[in-house]
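K.L.:
The following block contains the structure, expressed as structure tokens.
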Amino acid sequence: MNTMFACLPCYNEEQNIVPLVEGWLAQEDQLQRRGYRLEVVAIDDKSTDATLEKMQALAAEHPQVTVVAHPENRNLGGGLNTAVDYVLSHGGPGDVMAVMDGDNTHDPCYVHAMLDKLRSADVVIASRYQSGAEIHGVPRHRLFLSDGAKAYYTMMLSVPKVRDYTCGYRLYKFAALQKARQQYGSRLITQRSFACMMELLYKLHRCGCTFDEVPFSLRYDNKGGESKMRVLRTMKDSLKTAWLLRRDKL
């Protein structure tokens, strides 16, 4: 049986990590029927709240949960690197890495539609820009900025079948990650901010990987606690990253 590694990078998500992990555990039976053993990899990025303790309690109760704790804060790029390294060192051909935000705004139930698409693609994105997608609880100014950024990324990067370059909810085939790591080594993910999601996507594209998307419902209204994203700084980093990627500077 192959393994579905559900990797959850988290920083100060004490209000969100338990329902998120429970959401993944609720998919276990259906994943097994599809031929996947579930392993939830909870990655703590040196949280200053009780996130790590709650992860450890979940792991003590559920053998499907593994905790990886960073000794220092590495931001989202570090969490994504840890996820890739963990899967490549513990997985093998036929395995899949799922990654999503740790704030409980993404529902694990969409993994099944994503797996259907993964039969003919190397990476599948849960997209806010496919027909049928819904967005709940996101402020209007954030929606406006996201739409503008989408247009810019599409113009700069133009990856076939990709409309959502920054959503953190994705499935990756083990073979695709392995190929990209062999090509880029430690330079596969260099960005520490949310721009790391775009960087990994585009570098996989350079490696010849194929993509597809499914619509999903982004539930920002489910999130407990305040957002850790610094919107203007994130926009600046992402715009710069797209420009550098397009010119093969990363």
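Chain labels A, B, ... are given in the sequence in which chains occur in the structure tokens; within each chain residues are numbered consecutively from 1, and ligands are likewise numbered from 1 in the order shown.
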Write out as a PyMOL selection string each polymer residue whose atoms come within 9 Å of A:Lys54, counting only C-alpha atoms; drop sequence neighbours fewer than 5 positions from it.

P.N.:
chain A and resi 14+17-18+59

K.L.:
Pull C-alpha atoms from the residues just selected and write them as a PDB file, in the first residue's frame.

P.N.:
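Written out: selection_17.pdb:
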```pdb
ATOM      1  CA  GLU A  14      -3.045  25.995  18.906  1.00  0.00           C
ATOM      2  CA  ILE A  17      -4.246  22.038  14.733  1.00  0.00           C
ATOM      3  CA  VAL A  18      -6.594  19.632  16.525  1.00  0.00           C
ATOM      4  CA  ALA A  59       0.621  11.780  18.222  1.00  0.00           C
TER       5      ALA A  59
END
```

K.L.:
What's the 8 Å shell around A:Ala83, counting only C-alpha atoms, without same-chain residues fewer than 6 positions away, as a ChimeraX atom specification?

P.N.:
/A:7,9,41,43,99

K.L.:
Would you mind exporting the chosen residues as a tab-separated table (two decimals), in the first residue's frame, restricted to C-alpha atoms?

P.N.:
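To be explicit, this is the file written out as again01.tsv:
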```tsv
chain	number	residue	atom	x	y	z
A	7	CYS	CA	2.14	17.55	5.82
A	9	PRO	CA	3.44	23.26	8.56
A	41	VAL	CA	3.15	14.90	9.50
A	43	ILE	CA	5.46	20.32	11.52
A	99	VAL	CA	0.49	20.04	1.91
```

K.L.:
State, in Å with one decimal place, the distance from atom CA of A:Leu204 to atom CA of A:Tyr129.

P.N.:
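Taking atom CA of A:Leu204 as the start and atom CA of A:Tyr129 as the end point, the length is 20.6 Å.
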
K.L.:
Considering only strand (DSSP E or B) as DSSP defines it on the backbone, what residues of stretch 6-246 of chain A qualify? List them as a count of residues only.

P.N.:
43

K.L.:
Dump as CSV the rows for residues of stretch 163-221 of chain A within 9 Å of stretch 150-155 of chain A: closest atom pair and distance in Å with one decimal, only C-alpha atoms counted, ordered by chain and rising residue number.

P.N.:
```
residue,atom,partner,partner_atom,distance
A:Arg163,CA,A:Thr154,CA,7.0
A:Asp164,CA,A:Lys150,CA,6.8
A:Tyr165,CA,A:Tyr153,CA,7.0
A:Thr166,CA,A:Lys150,CA,8.5
A:Met198,CA,A:Tyr153,CA,8.9
```

K.L.:
I need the chosen residues saved as a PDB file, in the first residue's frame, with C-alpha atoms.

P.N.:
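The resulting file, part_7.pdb, is shown below:
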```
ATOM      1  CA  ARG A 163      -4.691  29.426 -12.339  1.00  0.00           C
ATOM      2  CA  ASP A 164      -3.916  29.501  -8.609  1.00  0.00           C
ATOM      3  CA  TYR A 165      -0.167  29.952  -8.078  1.00  0.00           C
ATOM      4  CA  THR A 166      -0.174  30.572  -4.339  1.00  0.00           C
ATOM      5  CA  MET A 198       5.049  29.717  -6.188  1.00  0.00           C
TER       6      MET A 198
END
```

K.L.:
From stretch 42-220 of chain A, collect each residue whose DSSP state is helix (DSSP H, G or I) and return the set as a ChimeraX atom specification.

P.N.:
/A:51-61,75-90,108-118,140-157,174-187,196-206,220

K.L.:
Residues as selected, C-alpha atoms, written as a PDB file, in the first residue's frame, can you do that?

P.N.:
```
ATOM      1  CA  THR A  51       0.771  24.156  19.190  1.00  0.00           C
ATOM      2  CA  LEU A  52       3.612  21.694  19.754  1.00  0.00           C
ATOM      3  CA  GLU A  53       2.080  20.302  22.934  1.00  0.00           C
ATOM      4  CA  LYS A  54      -1.220  19.709  21.144  1.00  0.00           C
ATOM      5  CA  MET A  55       0.594  18.006  18.263  1.00  0.00           C
ATOM      6  CA  GLN A  56       2.391  15.736  20.707  1.00  0.00           C
ATOM      7  CA  ALA A  57      -0.874  14.846  22.436  1.00  0.00           C
ATOM      8  CA  LEU A  58      -2.403  13.935  19.065  1.00  0.00           C
ATOM      9  CA  ALA A  59       0.621  11.780  18.222  1.00  0.00           C
ATOM     10  CA  ALA A  60       0.359   9.992  21.570  1.00  0.00           C
ATOM     11  CA  GLU A  61      -3.276   9.155  20.850  1.00  0.00           C
ATOM     12  CA  ASN A  75       8.908  30.418   8.282  1.00  0.00           C
ATOM     13  CA  LEU A  76       6.715  28.720   5.698  1.00  0.00           C
ATOM     14  CA  GLY A  77       9.607  28.065   3.312  1.00  0.00           C
ATOM     15  CA  GLY A  78      11.380  26.116   6.029  1.00  0.00           C
ATOM     16  CA  GLY A  79       8.227  24.152   6.792  1.00  0.00           C
ATOM     17  CA  LEU A  80       7.780  23.282   3.128  1.00  0.00           C
ATOM     18  CA  ASN A  81      11.417  22.202   2.887  1.00  0.00           C
ATOM     19  CA  THR A  82      10.962  19.995   5.948  1.00  0.00           C
ATOM     20  CA  ALA A  83       7.873  18.418   4.384  1.00  0.00           C
ATOM     21  CA  VAL A  84       9.689  17.641   1.129  1.00  0.00           C
ATOM     22  CA  ASP A  85      12.725  16.252   2.967  1.00  0.00           C
ATOM     23  CA  TYR A  86      10.557  14.079   5.201  1.00  0.00           C
ATOM     24  CA  VAL A  87       8.618  12.577   2.301  1.00  0.00           C
ATOM     25  CA  LEU A  88      11.720  11.950   0.199  1.00  0.00           C
ATOM     26  CA  SER A  89      13.478  10.237   3.118  1.00  0.00           C
ATOM     27  CA  HIS A  90      10.484   8.181   4.336  1.00  0.00           C
ATOM     28  CA  PRO A 108      -8.980  17.594   3.887  1.00  0.00           C
ATOM     29  CA  CYS A 109     -12.085  16.140   2.183  1.00  0.00           C
ATOM     30  CA  TYR A 110     -10.977  17.620  -1.164  1.00  0.00           C
ATOM     31  CA  VAL A 111      -8.043  15.206  -1.241  1.00  0.00           C
ATOM     32  CA  HIS A 112     -10.223  12.619  -3.007  1.00  0.00           C
ATOM     33  CA  ALA A 113     -11.090  14.843  -5.977  1.00  0.00           C
ATOM     34  CA  MET A 114      -7.430  15.838  -6.098  1.00  0.00           C
ATOM     35  CA  LEU A 115      -6.330  12.199  -6.197  1.00  0.00           C
ATOM     36  CA  ASP A 116      -8.626  11.620  -9.161  1.00  0.00           C
ATOM     37  CA  LYS A 117      -6.809  14.408 -11.037  1.00  0.00           C
ATOM     38  CA  LEU A 118      -3.420  13.116  -9.896  1.00  0.00           C
ATOM     39  CA  ARG A 140     -12.592  42.458   0.328  1.00  0.00           C
ATOM     40  CA  HIS A 141      -9.183  44.138   0.131  1.00  0.00           C
ATOM     41  CA  ARG A 142      -7.495  40.730   0.337  1.00  0.00           C
ATOM     42  CA  LEU A 143      -9.670  39.437  -2.497  1.00  0.00           C
ATOM     43  CA  PHE A 144      -8.784  42.462  -4.627  1.00  0.00           C
ATOM     44  CA  LEU A 145      -5.063  41.973  -4.017  1.00  0.00           C
ATOM     45  CA  SER A 146      -5.305  38.245  -4.733  1.00  0.00           C
ATOM     46  CA  ASP A 147      -7.060  38.816  -8.046  1.00  0.00           C
ATOM     47  CA  GLY A 148      -4.435  41.351  -9.104  1.00  0.00           C
ATOM     48  CA  ALA A 149      -1.625  39.027  -8.090  1.00  0.00           C
ATOM     49  CA  LYS A 150      -3.208  36.147 -10.023  1.00  0.00           C
ATOM     50  CA  ALA A 151      -3.201  38.195 -13.210  1.00  0.00           C
ATOM     51  CA  TYR A 152       0.460  39.122 -12.703  1.00  0.00           C
ATOM     52  CA  TYR A 153       1.570  35.543 -11.965  1.00  0.00           C
ATOM     53  CA  THR A 154      -0.306  34.212 -14.983  1.00  0.00           C
ATOM     54  CA  MET A 155       1.365  36.781 -17.228  1.00  0.00           C
ATOM     55  CA  MET A 156       4.855  36.192 -15.786  1.00  0.00           C
ATOM     56  CA  LEU A 157       4.890  32.405 -15.331  1.00  0.00           C
ATOM     57  CA  PHE A 174       6.770  11.439  -4.895  1.00  0.00           C
ATOM     58  CA  ALA A 175       8.480  11.042  -8.273  1.00  0.00           C
ATOM     59  CA  ALA A 176       7.953  14.736  -9.094  1.00  0.00           C
ATOM     60  CA  LEU A 177       9.522  15.880  -5.821  1.00  0.00           C
ATOM     61  CA  GLN A 178      12.399  13.444  -6.251  1.00  0.00           C
ATOM     62  CA  LYS A 179      13.106  14.711  -9.770  1.00  0.00           C
ATOM     63  CA  ALA A 180      13.054  18.347  -8.641  1.00  0.00           C
ATOM     64  CA  ARG A 181      15.300  17.672  -5.639  1.00  0.00           C
ATOM     65  CA  GLN A 182      17.803  15.923  -7.895  1.00  0.00           C
ATOM     66  CA  GLN A 183      17.848  18.912 -10.233  1.00  0.00           C
ATOM     67  CA  TYR A 184      17.925  21.732  -7.675  1.00  0.00           C
ATOM     68  CA  GLY A 185      19.344  20.144  -4.534  1.00  0.00           C
ATOM     69  CA  SER A 186      19.195  22.492  -1.553  1.00  0.00           C
ATOM     70  CA  ARG A 187      18.126  25.346  -3.870  1.00  0.00           C
ATOM     71  CA  CYS A 196       7.857  29.547  -1.535  1.00  0.00           C
ATOM     72  CA  MET A 197       4.637  27.973  -2.845  1.00  0.00           C
ATOM     73  CA  MET A 198       5.049  29.717  -6.188  1.00  0.00           C
ATOM     74  CA  GLU A 199       8.759  28.932  -6.285  1.00  0.00           C
ATOM     75  CA  LEU A 200       8.252  25.190  -5.823  1.00  0.00           C
ATOM     76  CA  LEU A 201       5.455  25.150  -8.407  1.00  0.00           C
ATOM     77  CA  TYR A 202       7.519  26.889 -11.076  1.00  0.00           C
ATOM     78  CA  LYS A 203      10.631  24.813 -10.468  1.00  0.00           C
ATOM     79  CA  LEU A 204       8.552  21.650 -10.831  1.00  0.00           C
ATOM     80  CA  HIS A 205       7.287  23.103 -14.108  1.00  0.00           C
ATOM     81  CA  ARG A 206      10.885  23.594 -15.244  1.00  0.00           C
ATOM     82  CA  TYR A 220     -11.206  31.595   6.258  1.00  0.00           C
TER      83      TYR A 220
END
```

K.L.:
Using only C-alpha atoms for the distances, tell me which of A:Ala42, A:Val214, A:Cys10, A:Val68 is nearest to A:Glu22.

P.N.:
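The closest residue to A:Glu22 is A:Ala42.
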
K.L.:
Mind checking which residues fall within 9 Å of A:Arg74, counting only C-alpha atoms, ignoring those fewer than 6 positions away in the same chain, and posting them as a ChimeraX atom specification?

P.N.:
/A:45-46,192

K.L.:
May I ask for the distance between atom CA of A:Phe194 and atom CA of A:Val21, given in Å to one decimal place?

P.N.:
21.7 Å
